[in-house]
Amino acid sequence: MKWGKRIGTAVVGMAAVLGVVTAPAQAVTTAISTSNAAPDISLANIKTHLNALQTIANQNGGNRAAGRSGYTASVSYVSQKLRDAGYNVTLQTCTSCGGQSQNIIAEWPQGDANQVIMLGAHLDSVAAGPGINDNGSGSASILEVALTLARENPTLAKRVRFGWWADEESGLRGSKYYVSNLPAAERTKIKTYLNFDMIGSSNWGYFVYDDVASVKAMFDEYFTSIGIQTEGDSEGDGRSDHASFKSAGIPVGGLATGAGDIKSAAQRTKWGGTAGAPFDNCYHRACDTTSNIPDTPLEKNSDAIAYALWKLAVTTPTGPDFSLALSPSSGTVQPGQSTTVTVNTATTSGAAQSVSLSASGLPAGATATFNPASVQSGASSTLTIATSASTPEGSSTITVLGDGASVDHTAAYTLNVGNASVRTFSNGTDYPLDDYATVNSPITSTATGNAVSPVKVTITGTHTCSEDLRISLKAPDGTSYSVKATGSLPCTDLGTRNYTIPVTNKAASGTWTLVLYDAYAQDTGTLDSWSITV
């Protein structure tokens, strides 16, 4: 887990998109299992992986930090295990990571490639120590889960992908790079991302990410079955790689056993251990070695990972089920404005069922209402998101939950409040401004919703008498607005000028055209660039 303040988003086929080197999977012949029960994950095998990571640190200056030889050796160890098991393995060079370290992406070549369940853990340590709990524990556990999936080879309803992230300790760099380089269509294929960061703490607790209620309920179901109470993970909220996925609107979940926070007396009563002491007193220290990890939390959490994976990807629904989708999936408003979203449901198996709708993750001062608040699968509802004058500007991922009689589903909506940077577009083409000539310079906007009045225009260029320029702005529907009429002497150079243009009910998307007409002779120049904020 990284330092810092809390905040709070087929691999081979994607290699060309990501710009990475892909190693083909080796041929593996395995009988397909028809059992849907999650297998026990071998604690002994996980400890073998941890011992290997400890040895790598010992041989490479005592750490496995990104950009250093210990990290490179860790990548080699994990990726070779995966190749040998039959995974399609991609090593993605993260150009924004320390030493351009590599992410490992491994995909099991079965299941619906349009529905991906992804599990991840950061592979790097801090420079101060070998990082066996932080985060060898998460890395080794999902490695053994991946190898167990390959050995069991169950029939998959969904595609399963694993990620080991570079340079988490410097600010989630590896996972941010991966998500930012995924095309939008590929992001939507990831139905759930599960993150595991520090799951073998010496004075452990049992913490479950509570970002998505249905994902947390799935982990809680497992822990309840073995008599363990859990808590939401507040210490790690936004501080690990799940934040990269959550910020992209991908539903997330995960597990942790605690880092530097102090265990309370109530938590000692619940889980044992020492009250008044950190969950991990070797957090980010040289003593974070194999001797720092007890068996109990490592074993319980690794089995919980398998339970969740089998529930999400392996178990094919046999009873009634439905799908949930939003149209559109994003929108932009100004503080005090509202937007509407159509919530579509469809019965995918069995009989139609009642689906209750709710929303979470709203920014401050915003409300969400559904009309109707409950539908039969196959029907739709209208979600109205209303902001107030006090709602802060920025982007929020709102999770819509469809609570069905037999199963739950979620969908993500991205709400942008205020003049988000994505609503500013530029044209940097040079155009000559000749005597008595007209220039038409277009910009294509991909912003959603209506343009925010007044539209802001910035123009940069050279013109010996800018007062002789007539400037207008043509909206995508052809409406023309005067930006500046011809003025009078004295003349001034054009330079950089900022203008605001009132508009009414104009779609933000489409081609906006800046029109410049040189009204007099002997004062030519150039239009160097212009931008529009809609």
# chains A, B, ... in the order shown; residues from 1 in each chain; ligands from 1
$ residues_around --residues "Tyr206 of chain A" --least-positions-apart "5" --cutoff "7 Å" --atoms "only C-alpha atoms" --output "list in words"
Thr230, Glu231, Ala256 and Thr257 of chain A
$ residues_around --residues "Leu147 of chain A" --least-positions-apart "2" --cutoff "12 Å" --atoms "only C-alpha atoms" --output "PDB file with C-alpha atoms, in the first residue's frame"
ATOM      1  CA  PRO A  39     -11.296 -25.135  -4.298  1.00  0.00           C
ATOM      2  CA  ILE A  41      -6.044 -22.559  -2.049  1.00  0.00           C
ATOM      3  CA  SER A  42      -2.798 -24.150  -0.898  1.00  0.00           C
ATOM      4  CA  ASN A  45       2.193 -22.984  -2.221  1.00  0.00           C
ATOM      5  CA  ILE A  46       1.556 -19.352  -1.294  1.00  0.00           C
ATOM      6  CA  HIS A  49       5.955 -17.898  -3.587  1.00  0.00           C
ATOM      7  CA  VAL A  78       5.577 -14.464 -11.528  1.00  0.00           C
ATOM      8  CA  SER A  79       5.317 -14.278 -15.308  1.00  0.00           C
ATOM      9  CA  GLN A  80       7.143 -17.581 -15.826  1.00  0.00           C
ATOM     10  CA  LYS A  81       4.825 -19.381 -13.400  1.00  0.00           C
ATOM     11  CA  LEU A  82       1.859 -18.060 -15.355  1.00  0.00           C
ATOM     12  CA  ARG A  83       3.272 -18.975 -18.764  1.00  0.00           C
ATOM     13  CA  ASP A  84       4.006 -22.493 -17.565  1.00  0.00           C
ATOM     14  CA  ALA A  85       0.371 -22.827 -16.437  1.00  0.00           C
ATOM     15  CA  GLY A  86      -0.981 -21.839 -19.850  1.00  0.00           C
ATOM     16  CA  TYR A  87      -1.899 -18.185 -19.392  1.00  0.00           C
ATOM     17  CA  ALA A 106      -2.336 -12.601 -17.492  1.00  0.00           C
ATOM     18  CA  GLU A 107      -5.566 -13.896 -18.995  1.00  0.00           C
ATOM     19  CA  TRP A 108      -7.015 -17.398 -18.929  1.00  0.00           C
ATOM     20  CA  ALA A 140       1.512 -14.450  -4.005  1.00  0.00           C
ATOM     21  CA  SER A 141      -2.112 -15.165  -3.133  1.00  0.00           C
ATOM     22  CA  ILE A 142      -3.577 -14.169  -6.494  1.00  0.00           C
ATOM     23  CA  LEU A 143      -0.716 -16.007  -8.204  1.00  0.00           C
ATOM     24  CA  GLU A 144      -1.706 -19.220  -6.447  1.00  0.00           C
ATOM     25  CA  VAL A 145      -5.393 -18.537  -7.174  1.00  0.00           C
ATOM     26  CA  LEU A 149      -7.795 -21.898 -11.718  1.00  0.00           C
ATOM     27  CA  ALA A 150      -5.536 -23.304 -14.432  1.00  0.00           C
ATOM     28  CA  ARG A 151      -5.248 -26.688 -12.689  1.00  0.00           C
ATOM     29  CA  GLU A 152      -8.991 -26.943 -12.002  1.00  0.00           C
ATOM     30  CA  ASN A 153      -9.913 -25.535 -15.417  1.00  0.00           C
ATOM     31  CA  PHE A 162      -5.044 -10.980 -13.438  1.00  0.00           C
ATOM     32  CA  ALA A 306     -11.127 -18.063  -4.651  1.00  0.00           C
TER      33      ALA A 306
END
$ atom_distance --atom1 "atom CA of Phe279 of chain A" --atom2 "atom CA of Gly61 of chain A"
26.3 Å
$ closest_atom_pairs --of "segment 41-79 of chain A" --to "segment 90-103 of chain A" --cutoff "10 Å" --atoms "only C-alpha atoms" --output "JSON lines"
{"residue": "A:Ala65", "atom": "CA", "partner": "A:Gly98", "partner_atom": "CA", "distance": 8.8}
{"residue": "A:Ala66", "atom": "CA", "partner": "A:Gly98", "partner_atom": "CA", "distance": 5.6}
{"residue": "A:Gly67", "atom": "CA", "partner": "A:Gly99", "partner_atom": "CA", "distance": 3.8}
{"residue": "A:Arg68", "atom": "CA", "partner": "A:Gly99", "partner_atom": "CA", "distance": 7.2}
{"residue": "A:Ser69", "atom": "CA", "partner": "A:Gly99", "partner_atom": "CA", "distance": 9.9}
{"residue": "A:Tyr71", "atom": "CA", "partner": "A:Ser101", "partner_atom": "CA", "distance": 7.9}
{"residue": "A:Thr72", "atom": "CA", "partner": "A:Ser101", "partner_atom": "CA", "distance": 7.5}
{"residue": "A:Val75", "atom": "CA", "partner": "A:Gln102", "partner_atom": "CA", "distance": 7.5}
{"residue": "A:Ser76", "atom": "CA", "partner": "A:Leu91", "partner_atom": "CA", "distance": 9.8}
{"residue": "A:Ser79", "atom": "CA", "partner": "A:Leu91", "partner_atom": "CA", "distance": 8.2}
$ closest_residue --among "A:Ser482, A:Gln110, A:Ser202, A:Ser330" --to "Arg159 of chain A" --atoms "only C-alpha atoms"
A:Gln110
$ closest_residue --among "A:Ser426, A:Ser323, A:Ser445, A:Ser74" --to "Asn58 of chain A" --atoms "only C-alpha atoms"
A:Ser74
$ residues_around --residues "segment 394-402 of chain A" --least-positions-apart "5" --cutoff "10 Å" --atoms "only C-alpha atoms" --output "ChimeraX atom specification"
/A:8-9,211-214,246-251,322-326,329-332,343,345,354-363,368,374-375,377,383,385,407-421
$ residues_around --residues "Gln337 of chain A" --least-positions-apart "2" --cutoff "8 Å" --atoms "only C-alpha atoms" --output "list in words"
Val333, Gln334, Pro335, Thr339, Ala386, Thr387 and Ser388 of chain A
$ write_last_selection --atoms "all heavy atoms" --output "PDB file, in the first residue's frame"
ATOM      1  N   VAL A 333     -23.022  18.604 -16.008  1.00  0.00           N
ATOM      2  CA  VAL A 333     -23.942  19.655 -15.587  1.00  0.00           C
ATOM      3  C   VAL A 333     -23.153  20.736 -14.859  1.00  0.00           C
ATOM      4  O   VAL A 333     -22.025  20.509 -14.414  1.00  0.00           O
ATOM      5  CB  VAL A 333     -25.054  19.115 -14.653  1.00  0.00           C
ATOM      6  CG1 VAL A 333     -25.915  18.087 -15.365  1.00  0.00           C
ATOM      7  CG2 VAL A 333     -24.446  18.528 -13.371  1.00  0.00           C
ATOM      8  N   GLN A 334     -23.767  21.891 -14.744  1.00  0.00           N
ATOM      9  CA  GLN A 334     -23.227  22.944 -13.894  1.00  0.00           C
ATOM     10  C   GLN A 334     -23.867  22.815 -12.514  1.00  0.00           C
ATOM     11  O   GLN A 334     -24.968  22.264 -12.370  1.00  0.00           O
ATOM     12  CB  GLN A 334     -23.527  24.308 -14.492  1.00  0.00           C
ATOM     13  CG  GLN A 334     -22.819  24.562 -15.808  1.00  0.00           C
ATOM     14  CD  GLN A 334     -21.317  24.414 -15.687  1.00  0.00           C
ATOM     15  OE1 GLN A 334     -20.670  25.132 -14.942  1.00  0.00           O
ATOM     16  NE2 GLN A 334     -20.756  23.466 -16.414  1.00  0.00           N
ATOM     17  N   PRO A 335     -23.212  23.288 -11.464  1.00  0.00           N
ATOM     18  CA  PRO A 335     -23.825  23.248 -10.132  1.00  0.00           C
ATOM     19  C   PRO A 335     -25.220  23.856 -10.151  1.00  0.00           C
ATOM     20  O   PRO A 335     -25.426  24.948 -10.692  1.00  0.00           O
ATOM     21  CB  PRO A 335     -22.855  24.074  -9.269  1.00  0.00           C
ATOM     22  CG  PRO A 335     -21.532  23.918  -9.961  1.00  0.00           C
ATOM     23  CD  PRO A 335     -21.849  23.887 -11.419  1.00  0.00           C
ATOM     24  N   THR A 339     -29.679  16.251 -14.540  1.00  0.00           N
ATOM     25  CA  THR A 339     -29.558  15.444 -15.749  1.00  0.00           C
ATOM     26  C   THR A 339     -30.346  14.163 -15.548  1.00  0.00           C
ATOM     27  O   THR A 339     -30.582  13.743 -14.406  1.00  0.00           O
ATOM     28  CB  THR A 339     -28.085  15.135 -16.077  1.00  0.00           C
ATOM     29  OG1 THR A 339     -28.007  14.506 -17.362  1.00  0.00           O
ATOM     30  CG2 THR A 339     -27.464  14.207 -15.037  1.00  0.00           C
ATOM     31  N   ALA A 386     -29.870  15.394  -9.498  1.00  0.00           N
ATOM     32  CA  ALA A 386     -29.989  16.842  -9.302  1.00  0.00           C
ATOM     33  C   ALA A 386     -28.837  17.334  -8.439  1.00  0.00           C
ATOM     34  O   ALA A 386     -28.601  16.801  -7.349  1.00  0.00           O
ATOM     35  CB  ALA A 386     -31.324  17.182  -8.651  1.00  0.00           C
ATOM     36  N   THR A 387     -28.126  18.330  -8.917  1.00  0.00           N
ATOM     37  CA  THR A 387     -27.065  18.954  -8.131  1.00  0.00           C
ATOM     38  C   THR A 387     -27.587  20.249  -7.519  1.00  0.00           C
ATOM     39  O   THR A 387     -28.626  20.775  -7.925  1.00  0.00           O
ATOM     40  CB  THR A 387     -25.829  19.251  -8.990  1.00  0.00           C
ATOM     41  OG1 THR A 387     -26.165  20.221  -9.983  1.00  0.00           O
ATOM     42  CG2 THR A 387     -25.332  17.980  -9.671  1.00  0.00           C
ATOM     43  N   SER A 388     -26.866  20.767  -6.550  1.00  0.00           N
ATOM     44  CA  SER A 388     -27.217  22.038  -5.915  1.00  0.00           C
ATOM     45  C   SER A 388     -26.131  23.053  -6.217  1.00  0.00           C
ATOM     46  O   SER A 388     -25.075  22.716  -6.772  1.00  0.00           O
ATOM     47  CB  SER A 388     -27.354  21.857  -4.404  1.00  0.00           C
ATOM     48  OG  SER A 388     -26.101  21.536  -3.823  1.00  0.00           O
TER      49      SER A 388
END
$ select_by_dssp --residues "segment 294-398 of chain A" --states "helix (DSSP H, G or I)" --output "number ranges by chain"
A: 295-314
$ residues_around --residues "Leu156 of chain A" --least-positions-apart "4" --cutoff "6 Å" --atoms "only C-alpha atoms" --output "PyMOL selection string"
chain A and resi 111+313-314
$ closest_atom_pairs --of "segment 255-284 of chain A" --to "segment 122-131 of chain A" --cutoff "10 Å" --atoms "only C-alpha atoms" --output "CSV"
residue,atom,partner,partner_atom,distance
A:Cys282,CA,A:Gly131,CA,9.3
A:Tyr283,CA,A:Gly131,CA,8.3
A:His284,CA,A:Val126,CA,6.3
$ atom_distance --atom1 "atom CA of Ala373 of chain A" --atom2 "atom CA of Val215 of chain A"
21.8 Å
$ residues_around --residues "Leu172 of chain A" --least-positions-apart "3" --cutoff "10 Å" --atoms "only C-alpha atoms" --output "PyMOL selection string"
chain A and resi 1-2+97+122+165-169+175-177+238-244
$ residues_around --residues "Ala364 of chain A" --least-positions-apart "2" --cutoff "8 Å" --atoms "only C-alpha atoms" --output "number ranges by chain"
A: 362, 366, 390-392
$ write_last_selection --atoms "all heavy atoms" --output "PDB file, in the first residue's frame"
ATOM      1  N   LEU A 362     -22.767   9.676  -4.858  1.00  0.00           N
ATOM      2  CA  LEU A 362     -23.126  11.018  -5.310  1.00  0.00           C
ATOM      3  C   LEU A 362     -22.224  12.074  -4.673  1.00  0.00           C
ATOM      4  O   LEU A 362     -21.817  11.934  -3.522  1.00  0.00           O
ATOM      5  CB  LEU A 362     -24.583  11.312  -4.938  1.00  0.00           C
ATOM      6  CG  LEU A 362     -25.647  10.492  -5.675  1.00  0.00           C
ATOM      7  CD1 LEU A 362     -26.935  10.484  -4.882  1.00  0.00           C
ATOM      8  CD2 LEU A 362     -25.865  11.054  -7.059  1.00  0.00           C
ATOM      9  N   ALA A 366     -25.829  16.620  -4.001  1.00  0.00           N
ATOM     10  CA  ALA A 366     -26.556  16.030  -5.133  1.00  0.00           C
ATOM     11  C   ALA A 366     -27.513  14.960  -4.629  1.00  0.00           C
ATOM     12  O   ALA A 366     -27.269  14.306  -3.608  1.00  0.00           O
ATOM     13  CB  ALA A 366     -25.586  15.437  -6.147  1.00  0.00           C
ATOM     14  N   SER A 390     -24.191  24.273  -4.258  1.00  0.00           N
ATOM     15  CA  SER A 390     -23.001  23.987  -3.445  1.00  0.00           C
ATOM     16  C   SER A 390     -22.266  22.727  -3.881  1.00  0.00           C
ATOM     17  O   SER A 390     -21.226  22.410  -3.314  1.00  0.00           O
ATOM     18  CB  SER A 390     -23.403  23.845  -1.974  1.00  0.00           C
ATOM     19  OG  SER A 390     -24.292  22.744  -1.797  1.00  0.00           O
ATOM     20  N   THR A 391     -22.787  22.000  -4.871  1.00  0.00           N
ATOM     21  CA  THR A 391     -22.110  20.785  -5.322  1.00  0.00           C
ATOM     22  C   THR A 391     -20.757  21.156  -5.920  1.00  0.00           C
ATOM     23  O   THR A 391     -20.684  21.989  -6.825  1.00  0.00           O
ATOM     24  CB  THR A 391     -22.956  20.048  -6.365  1.00  0.00           C
ATOM     25  OG1 THR A 391     -24.203  19.679  -5.777  1.00  0.00           O
ATOM     26  CG2 THR A 391     -22.242  18.793  -6.851  1.00  0.00           C
ATOM     27  N   PRO A 392     -19.678  20.573  -5.423  1.00  0.00           N
ATOM     28  CA  PRO A 392     -18.346  20.938  -5.924  1.00  0.00           C
ATOM     29  C   PRO A 392     -18.130  20.478  -7.357  1.00  0.00           C
ATOM     30  O   PRO A 392     -18.676  19.464  -7.788  1.00  0.00           O
ATOM     31  CB  PRO A 392     -17.392  20.221  -4.962  1.00  0.00           C
ATOM     32  CG  PRO A 392     -18.186  19.069  -4.442  1.00  0.00           C
ATOM     33  CD  PRO A 392     -19.608  19.541  -4.351  1.00  0.00           C
TER      34      PRO A 392
END
$ atom_distance --atom1 "atom CA of Asn181 of chain A" --atom2 "atom CA of Thr533 of chain A"
24.9 Å
